[in-house]
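Q: This one is target39.cif, mmCIF, C-alpha atoms.
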data_upload
loop_
_atom_site.label_atom_id
_atom_site.label_comp_id
_atom_site.auth_asym_id
_atom_site.auth_seq_id
_atom_site.Cartn_x
_atom_site.Cartn_y
_atom_site.Cartn_z
CA MET X 1 29.23 -28.07 60.90
CA THR X 2 31.40 -25.59 59.02
CA ALA X 3 29.43 -22.95 57.13
CA LEU X 4 29.60 -22.84 53.33
CA PRO X 5 30.28 -19.20 52.50
CA PHE X 6 30.76 -19.93 48.79
CA GLY X 7 28.95 -23.24 48.36
CA ARG X 8 30.73 -26.46 47.46
CA VAL X 9 31.93 -26.11 43.87
CA GLN X 10 33.69 -23.03 42.54
CA THR X 11 35.59 -22.57 39.31
CA ALA X 12 38.49 -20.18 38.85
CA MET X 13 37.23 -18.91 35.50
CA VAL X 14 39.49 -18.23 32.53
CA THR X 15 39.34 -14.79 30.95
CA PRO X 16 38.32 -14.90 27.27
CA PHE X 17 40.22 -12.63 24.92
CA ALA X 18 39.32 -11.49 21.42
CA VAL X 19 41.55 -11.99 18.38
CA ASP X 20 43.11 -8.56 18.95
CA GLY X 21 43.94 -9.44 22.56
CA SER X 22 41.24 -7.32 24.18
CA LEU X 23 38.67 -8.67 26.61
CA ASN X 24 35.87 -10.69 25.02
CA LEU X 25 33.10 -9.78 27.44
CA ALA X 26 30.35 -11.47 25.45
CA GLU X 27 32.24 -14.76 25.61
CA ALA X 28 32.95 -14.21 29.31
CA ARG X 29 29.22 -13.94 29.90
CA ARG X 30 28.56 -17.05 27.82
CA LEU X 31 31.20 -19.03 29.69
CA ALA X 32 29.97 -17.85 33.09
CA ALA X 33 26.43 -18.96 32.23
CA HIS X 34 27.72 -22.37 31.12
CA LEU X 35 29.71 -22.84 34.33
CA VAL X 36 26.75 -21.98 36.53
CA ASP X 37 23.85 -23.47 34.56
CA GLU X 38 25.51 -26.51 32.95
CA GLN X 39 28.44 -27.30 35.24
CA GLY X 40 26.60 -26.53 38.47
CA ASN X 41 29.01 -24.09 40.08
CA ASP X 42 27.88 -22.35 43.24
CA SER X 43 30.48 -19.60 42.82
CA LEU X 44 32.90 -18.30 40.24
CA VAL X 45 36.29 -16.82 41.01
CA VAL X 46 36.97 -14.02 38.53
CA ASN X 47 40.39 -12.40 38.08
CA GLY X 48 42.26 -15.27 39.65
CA THR X 49 45.46 -16.88 38.44
CA THR X 50 43.56 -19.04 35.94
CA GLY X 51 41.96 -15.80 34.79
CA GLU X 52 45.45 -14.47 33.95
CA SER X 53 45.07 -11.66 36.47
CA PRO X 54 48.79 -10.76 36.40
CA THR X 55 48.29 -9.61 32.79
CA THR X 56 45.00 -7.71 33.05
CA THR X 57 44.65 -4.06 33.98
CA ASP X 58 42.55 -2.78 36.86
CA ALA X 59 40.04 -1.42 34.34
CA GLU X 60 39.83 -4.80 32.61
CA LYS X 61 39.33 -6.53 35.94
CA LEU X 62 36.40 -4.25 36.70
CA ALA X 63 34.83 -4.70 33.27
CA LEU X 64 35.08 -8.48 33.59
CA LEU X 65 33.49 -8.45 37.05
CA GLU X 66 30.63 -6.28 35.84
CA ALA X 67 29.98 -8.56 32.86
CA VAL X 68 29.96 -11.76 34.91
CA LEU X 69 27.83 -10.20 37.64
CA ALA X 70 25.30 -9.06 35.06
CA GLU X 71 25.13 -12.56 33.59
CA VAL X 72 25.04 -14.85 36.63
CA GLY X 73 25.26 -12.71 39.76
CA ASP X 74 21.63 -13.47 40.57
CA ARG X 75 22.23 -17.23 40.78
CA ALA X 76 25.86 -17.69 41.80
CA LYS X 77 28.29 -15.94 44.08
CA ILE X 78 31.03 -14.00 42.32
CA VAL X 79 34.35 -13.91 44.14
CA ALA X 80 36.88 -11.37 42.90
CA GLY X 81 40.57 -12.12 42.92
CA VAL X 82 42.15 -8.96 44.32
CA GLY X 83 45.44 -10.14 45.79
CA THR X 84 48.73 -8.53 44.77
CA PHE X 85 52.16 -8.16 46.36
CA ASP X 86 51.23 -4.59 47.37
CA THR X 87 48.87 -4.09 50.31
CA HIS X 88 47.72 -0.66 49.09
CA HIS X 89 46.95 -1.94 45.58
CA THR X 90 45.15 -4.97 47.00
CA ILE X 91 42.91 -2.65 49.01
CA GLU X 92 42.20 -0.56 45.90
CA LEU X 93 41.14 -3.68 43.99
CA ALA X 94 39.08 -4.90 46.95
CA ARG X 95 37.17 -1.62 47.12
CA GLN X 96 36.69 -1.57 43.35
CA ALA X 97 35.27 -5.11 43.45
CA GLU X 98 33.03 -4.33 46.42
CA GLN X 99 31.59 -1.30 44.65
CA ALA X 100 30.91 -3.47 41.61
CA GLY X 101 28.75 -5.72 43.76
CA VAL X 102 30.75 -8.94 44.13
CA HIS X 103 29.94 -11.37 46.91
CA GLY X 104 33.43 -12.10 48.19
CA LEU X 105 37.16 -11.61 47.71
CA LEU X 106 40.07 -13.96 47.09
CA VAL X 107 43.31 -12.58 48.58
CA VAL X 108 46.51 -14.44 47.74
CA THR X 109 49.69 -14.46 49.81
CA PRO X 110 51.84 -11.50 48.69
CA TYR X 111 54.34 -13.00 46.30
CA TYR X 112 57.98 -12.26 45.49
CA SER X 113 58.56 -10.01 48.53
CA ARG X 114 58.39 -13.00 50.90
CA PRO X 115 57.17 -11.04 53.96
CA PRO X 116 57.79 -12.65 57.36
CA GLN X 117 54.77 -14.12 59.10
CA ASP X 118 54.00 -11.07 61.25
CA ALA X 119 53.99 -8.86 58.14
CA LEU X 120 51.90 -11.44 56.31
CA ALA X 121 49.29 -11.41 59.06
CA ASP X 122 49.30 -7.61 59.03
CA HIS X 123 48.71 -7.62 55.25
CA PHE X 124 45.67 -9.87 55.44
CA LEU X 125 44.19 -8.09 58.44
CA THR X 126 44.71 -4.66 56.88
CA VAL X 127 42.89 -5.77 53.72
CA ALA X 128 40.11 -7.34 55.80
CA ASP X 129 39.68 -4.07 57.72
CA ALA X 130 39.24 -2.19 54.44
CA THR X 131 36.17 -4.11 53.22
CA SER X 132 32.90 -5.50 54.51
CA LEU X 133 33.03 -8.51 52.19
CA PRO X 134 33.87 -12.09 53.20
CA ILE X 135 37.44 -13.02 52.31
CA MET X 136 38.99 -16.27 51.18
CA ILE X 137 42.71 -16.49 51.86
CA TYR X 138 44.66 -18.12 49.03
CA ASP X 139 47.52 -20.16 50.51
CA ILE X 140 49.74 -21.33 47.65
CA PRO X 141 53.40 -21.52 48.73
CA HIS X 142 54.76 -22.84 45.43
CA ARG X 143 53.63 -19.66 43.67
CA ALA X 144 53.94 -17.13 46.49
CA GLY X 145 57.28 -18.38 47.77
CA ILE X 146 56.06 -18.64 51.37
CA PRO X 147 53.26 -20.46 53.20
CA VAL X 148 50.70 -19.00 55.52
CA GLU X 149 51.93 -20.89 58.54
CA THR X 150 49.47 -22.66 60.82
CA ALA X 151 49.80 -20.19 63.68
CA THR X 152 49.36 -17.26 61.28
CA MET X 153 46.21 -18.73 59.74
CA ILE X 154 44.74 -19.33 63.19
CA GLN X 155 45.59 -15.76 64.17
CA ILE X 156 43.95 -14.08 61.17
CA ALA X 157 40.90 -16.35 61.43
CA GLY X 158 39.82 -14.16 64.34
CA HIS X 159 38.87 -11.39 61.91
CA PRO X 160 35.14 -11.61 61.15
CA ASN X 161 35.65 -10.97 57.43
CA ILE X 162 38.15 -13.80 56.96
CA VAL X 163 35.90 -16.82 56.47
CA ALA X 164 37.57 -19.28 54.11
CA VAL X 165 40.81 -20.63 52.66
CA LYS X 166 41.69 -21.74 49.16
CA ASP X 167 44.20 -24.36 50.18
CA ALA X 168 46.92 -25.18 47.64
CA LYS X 169 49.51 -26.11 50.25
CA ALA X 170 49.03 -29.91 49.90
CA GLN X 171 49.57 -30.38 53.64
CA PRO X 172 46.26 -31.84 54.87
CA VAL X 173 47.56 -32.36 58.40
CA ALA X 174 48.41 -28.67 58.75
CA SER X 175 45.05 -27.77 57.21
CA ALA X 176 43.30 -30.08 59.67
CA GLN X 177 45.04 -28.30 62.55
CA VAL X 178 43.65 -24.96 61.39
CA MET X 179 40.17 -26.38 60.88
CA ALA X 180 40.24 -27.88 64.37
CA ALA X 181 41.11 -24.50 65.87
CA THR X 182 38.93 -22.18 63.76
CA ASP X 183 35.67 -21.92 61.82
CA LEU X 184 37.43 -21.33 58.49
CA ALA X 185 35.87 -23.11 55.52
CA TYR X 186 38.59 -24.94 53.60
CA TYR X 187 38.33 -25.28 49.82
CA SER X 188 40.85 -27.33 47.90
CA GLY X 189 42.93 -25.19 45.57
CA ASP X 190 44.25 -28.29 43.83
CA ASP X 191 41.59 -30.37 42.08
CA ALA X 192 43.27 -33.69 42.90
CA MET X 193 43.42 -32.82 46.62
CA THR X 194 39.67 -32.27 46.94
CA LEU X 195 38.77 -35.68 48.33
CA PRO X 196 41.78 -35.86 50.71
CA LEU X 197 40.90 -32.41 52.04
CA LEU X 198 37.25 -33.38 52.51
CA ALA X 199 38.46 -36.28 54.62
CA VAL X 200 39.97 -33.92 57.20
CA GLY X 201 37.15 -31.35 57.22
CA GLY X 202 37.28 -29.45 53.93
CA VAL X 203 34.02 -28.28 52.37
CA GLY X 204 34.67 -28.06 48.63
CA VAL X 205 36.92 -26.95 45.80
CA VAL X 206 38.03 -23.91 43.85
CA GLY X 207 38.79 -25.79 40.67
CA THR X 208 40.46 -25.45 37.31
CA SER X 209 39.36 -28.69 35.67
CA THR X 210 35.87 -27.86 36.95
CA HIS X 211 35.38 -25.96 33.69
CA PHE X 212 34.67 -29.54 32.52
CA THR X 213 34.25 -31.64 35.67
CA GLY X 214 32.02 -29.35 37.72
CA ARG X 215 28.91 -31.54 37.89
CA ARG X 216 30.80 -34.77 38.47
CA THR X 217 33.00 -33.15 41.08
CA ARG X 218 29.83 -32.07 42.84
CA GLU X 219 28.61 -35.68 42.69
CA MET X 220 31.85 -36.75 44.35
CA ILE X 221 31.57 -34.14 47.09
CA ASP X 222 27.89 -34.87 47.68
CA ALA X 223 28.62 -38.61 47.93
CA PHE X 224 31.30 -38.01 50.53
CA VAL X 225 29.12 -35.63 52.54
CA ALA X 226 26.31 -38.20 52.46
CA GLY X 227 28.66 -40.83 53.88
CA ASP X 228 29.06 -42.86 50.69
CA VAL X 229 32.85 -42.91 50.78
CA ALA X 230 33.07 -45.81 48.34
CA ARG X 231 31.16 -43.89 45.66
CA ALA X 232 33.17 -40.72 46.33
CA THR X 233 36.39 -42.70 45.98
CA ALA X 234 35.24 -44.27 42.72
CA LEU X 235 34.23 -40.91 41.27
CA ASN X 236 37.55 -39.41 42.34
CA ALA X 237 39.43 -42.25 40.64
CA ALA X 238 37.49 -41.68 37.42
CA LEU X 239 38.17 -37.94 37.46
CA LEU X 240 41.78 -38.13 38.60
CA PRO X 241 43.24 -38.19 35.05
CA VAL X 242 41.50 -34.87 34.37
CA TYR X 243 42.39 -33.38 37.75
CA LEU X 244 46.04 -34.13 37.01
CA GLY X 245 45.98 -33.63 33.25
CA VAL X 246 44.80 -30.02 33.40
CA PHE X 247 48.12 -29.18 35.09
CA ALA X 248 50.36 -30.98 32.59
CA THR X 249 51.33 -27.41 31.74
CA GLN X 250 49.96 -24.11 33.05
CA GLY X 251 46.29 -24.70 33.87
CA CYS X 252 44.63 -21.88 31.95
CA MET X 253 46.49 -22.90 28.78
CA LEU X 254 44.85 -26.32 28.78
CA VAL X 255 41.47 -25.05 29.92
CA LYS X 256 41.40 -22.67 26.97
CA ALA X 257 42.45 -25.49 24.63
CA GLY X 258 39.70 -27.73 26.01
CA LEU X 259 37.07 -25.03 25.77
CA ALA X 260 38.07 -24.21 22.18
CA ALA X 261 37.65 -27.89 21.27
CA ARG X 262 34.10 -27.69 22.62
CA GLY X 263 32.96 -24.69 20.63
CA PHE X 264 33.81 -21.87 23.00
CA ALA X 265 35.99 -18.94 21.97
CA PRO X 266 38.33 -18.38 24.94
CA GLY X 267 41.01 -16.84 22.74
CA SER X 268 44.73 -17.00 23.27
CA VAL X 269 46.55 -16.61 26.55
CA ARG X 270 48.52 -13.45 27.14
CA LYS X 271 52.29 -13.48 27.27
CA PRO X 272 54.42 -14.51 29.06
CA LEU X 273 52.25 -17.63 28.65
CA LEU X 274 51.91 -19.29 25.28
CA ASP X 275 48.97 -21.22 23.90
CA ALA X 276 49.02 -24.97 24.43
CA THR X 277 50.81 -26.79 21.65
CA PRO X 278 48.70 -28.97 19.33
CA GLN X 279 50.11 -32.06 21.07
CA GLN X 280 49.28 -30.71 24.52
CA ALA X 281 45.77 -29.80 23.40
CA THR X 282 45.19 -33.18 21.76
CA THR X 283 46.42 -35.04 24.82
CA PHE X 284 44.18 -33.08 27.17
CA THR X 285 41.05 -33.34 25.03
CA ALA X 286 41.69 -37.09 24.76
CA ILE X 287 41.80 -37.30 28.56
CA LEU X 288 38.47 -35.47 28.73
CA ALA X 289 36.94 -37.85 26.21
CA ALA X 290 38.29 -40.95 27.96
CA SER X 291 36.80 -39.70 31.22
CA GLY X 292 33.38 -39.37 29.64
CA LEU X 293 33.51 -35.59 29.50
#
Let me see the structure of the file written as structure tokens.

A:
Amino acid sequence: MTALPFGRVQTAMVTPFAVDGSLNLAEARRLAAHLVDEQGNDSLVVNGTTGESPTTTDAEKLALLEAVLAEVGDRAKIVAGVGTFDTHHTIELARQAEQAGVHGLLVVTPYYSRPPQDALADHFLTVADATSLPIMIYDIPHRAGIPVETATMIQIAGHPNIVAVKDAKAQPVASAQVMAATDLAYYSGDDAMTLPLLAVGGVGVVGTSTHFTGRRTREMIDAFVAGDVARATALNAALLPVYLGVFATQGCMLVKAGLAARGFAPGSVRKPLLDATPQQATTFTAILAASGL
């Protein structure tokens, strides 16, 4: 059975900002505690895309990691998003996160530069050589511009520090090929693909809607693992409007709107994003309510 390096349910946590646009570390701690204690997350991904990492400085990334670690690091694994399109900068962020005490790293495919597959493998292996932490590869071709091809993923899986994949490729057959050839733990990087990925060997999810659906998503995963496919399918069907609705526009925009409607203070998103419109926010919160959330 595939190991669970980061548990079953992980949330890519939004980054709360204050009215003046600075980090709201007190709210980050409050949100982290809610996600772990109320939503049942095994791990939190901090400084990921949903955390608006392209718009936060290295110093802000460190401060956020330290705050979340102080709040929940004793009862959940904290995975730091450190991937950039620059191998050297990625290593700097990886070392910064490791020194802060995180439990793992999320390393995305270098974007914009579109390196060929041999260069892509070299990037991941070079980063893995620079740290002692377990690494989750983030394969998301529609953002990065290129996939981590099957042969490349199998190649880099030989590195002892590369242990998992956040799979946003939406190609379960290709993912199944990698799982058949390696010990990599596959986590769905698209909430709606969680159950299909479980069916071919996946172990869990790195979610966005799991800010709200964490406990019920865990119920779905647990039902499937226990062999109750009918219950897992029914739970998936009930949650599907939320899994899809959170991506009606950019995910962190709607997560922040949903959290604000529930008494949290996530603040605005940073440009170039814009806050969800009132109509977008109303539509999403209505979906949450209709789904019993």

Q: Name every residue that the PyMOL selection byres ((chain X and resi 186-201) around 8) selects in this structure, writing the answer as a count of residues only with chains first and numbers rising.

A: 29

Q: Per residue of range 207-293 of chain X within 9 Å of range 11-24 of chain X, record the nearest atom pair and its distance in Å to one decimal, counting all atoms listed in the file, with rows in chain order and ascending residue number, as a Markdown table.

A:
| residue | atom | partner | partner_atom | distance |
| --- | --- | --- | --- | --- |
| X:Gly207 | CA | X:Thr11 | CA | 4.7 |
| X:Thr208 | CA | X:Ala12 | CA | 5.8 |
| X:Ser209 | CA | X:Thr11 | CA | 8.1 |
| X:Thr210 | CA | X:Thr11 | CA | 5.8 |
| X:His211 | CA | X:Thr11 | CA | 6.6 |
| X:Gly214 | CA | X:Thr11 | CA | 7.8 |
| X:Cys252 | CA | X:Val14 | CA | 6.3 |
| X:Val255 | CA | X:Val14 | CA | 7.6 |
| X:Lys256 | CA | X:Val14 | CA | 7.4 |
| X:Ala265 | CA | X:Pro16 | CA | 7.1 |
| X:Pro266 | CA | X:Pro16 | CA | 4.2 |
| X:Gly267 | CA | X:Phe17 | CA | 4.8 |
| X:Ser268 | CA | X:Phe17 | CA | 6.5 |
| X:Val269 | CA | X:Phe17 | CA | 7.7 |
| X:Arg270 | CA | X:Gly21 | CA | 7.6 |

Q: Quick one: write out the picked residues with C-alpha atoms as a CSV table (one decimal), in the coordinates of the input?

A:
chain,number,residue,atom,x,y,z
X,207,GLY,CA,38.8,-25.8,40.7
X,208,THR,CA,40.5,-25.4,37.3
X,209,SER,CA,39.4,-28.7,35.7
X,210,THR,CA,35.9,-27.9,37.0
X,211,HIS,CA,35.4,-26.0,33.7
X,214,GLY,CA,32.0,-29.4,37.7
X,252,CYS,CA,44.6,-21.9,32.0
X,255,VAL,CA,41.5,-25.0,29.9
X,256,LYS,CA,41.4,-22.7,27.0
X,265,ALA,CA,36.0,-18.9,22.0
X,266,PRO,CA,38.3,-18.4,24.9
X,267,GLY,CA,41.0,-16.8,22.7
X,268,SER,CA,44.7,-17.0,23.3
X,269,VAL,CA,46.6,-16.6,26.6
X,270,ARG,CA,48.5,-13.4,27.1

Q: Would you kindly translate the PyMOL selection byres ((chain X and resi 286-288) around 12) into the concrete residues it picks from this file, as a tab-separated table (two decimals) with C-alpha atoms, in the frame of the given file?

A:
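Result written to result_29.tsv:
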chain	number	residue	atom	x	y	z
X	209	SER	CA	39.36	-28.69	35.67
X	210	THR	CA	35.87	-27.86	36.95
X	211	HIS	CA	35.38	-25.96	33.69
X	212	PHE	CA	34.67	-29.54	32.52
X	213	THR	CA	34.25	-31.64	35.67
X	238	ALA	CA	37.49	-41.68	37.42
X	239	LEU	CA	38.17	-37.94	37.46
X	240	LEU	CA	41.78	-38.13	38.60
X	241	PRO	CA	43.24	-38.19	35.05
X	242	VAL	CA	41.50	-34.87	34.37
X	243	TYR	CA	42.39	-33.38	37.75
X	244	LEU	CA	46.04	-34.13	37.01
X	245	GLY	CA	45.98	-33.63	33.25
X	246	VAL	CA	44.80	-30.02	33.40
X	248	ALA	CA	50.36	-30.98	32.59
X	254	LEU	CA	44.85	-26.32	28.78
X	255	VAL	CA	41.47	-25.05	29.92
X	257	ALA	CA	42.45	-25.49	24.63
X	258	GLY	CA	39.70	-27.73	26.01
X	259	LEU	CA	37.07	-25.03	25.77
X	261	ALA	CA	37.65	-27.89	21.27
X	262	ARG	CA	34.10	-27.69	22.62
X	279	GLN	CA	50.11	-32.06	21.07
X	280	GLN	CA	49.28	-30.71	24.52
X	281	ALA	CA	45.77	-29.80	23.40
X	282	THR	CA	45.19	-33.18	21.76
X	283	THR	CA	46.42	-35.04	24.82
X	284	PHE	CA	44.18	-33.08	27.17
X	285	THR	CA	41.05	-33.34	25.03
X	289	ALA	CA	36.94	-37.85	26.21
X	290	ALA	CA	38.29	-40.95	27.96
X	291	SER	CA	36.80	-39.70	31.22
X	292	GLY	CA	33.38	-39.37	29.64
X	293	LEU	CA	33.51	-35.59	29.50

Q: As a list in words, please: the residues near Leu133 in chain X (cut-off 9 Å, only C-alpha atoms, same-chain neighbours under 5 positions excluded).

A: Ala94, Glu98, Val102, His103, Gly104, Leu105, Ala128, Asn161 and Ile162 of chain X

Q: For those residues, write C-alpha atoms to a file as an mmCIF file, in the coordinates of the input.

A:
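Below is the file that was written, selection.cif:
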data_model
loop_
_atom_site.group_PDB
_atom_site.id
_atom_site.type_symbol
_atom_site.label_atom_id
_atom_site.label_comp_id
_atom_site.auth_asym_id
_atom_site.auth_seq_id
_atom_site.Cartn_x
_atom_site.Cartn_y
_atom_site.Cartn_z
ATOM 1 C CA ALA X 94 39.080 -4.900 46.950
ATOM 2 C CA GLU X 98 33.030 -4.330 46.420
ATOM 3 C CA VAL X 102 30.750 -8.940 44.130
ATOM 4 C CA HIS X 103 29.940 -11.370 46.910
ATOM 5 C CA GLY X 104 33.430 -12.100 48.190
ATOM 6 C CA LEU X 105 37.160 -11.610 47.710
ATOM 7 C CA ALA X 128 40.110 -7.340 55.800
ATOM 8 C CA ASN X 161 35.650 -10.970 57.430
ATOM 9 C CA ILE X 162 38.150 -13.800 56.960
#

Q: Which residues would end up in the selection if the PyMOL selection byres ((chain X and resi 114) around 10) were applied here, given that I need the answer as a PyMOL selection string?

A: chain X and resi 85+109-113+115-117+119-120+144-147
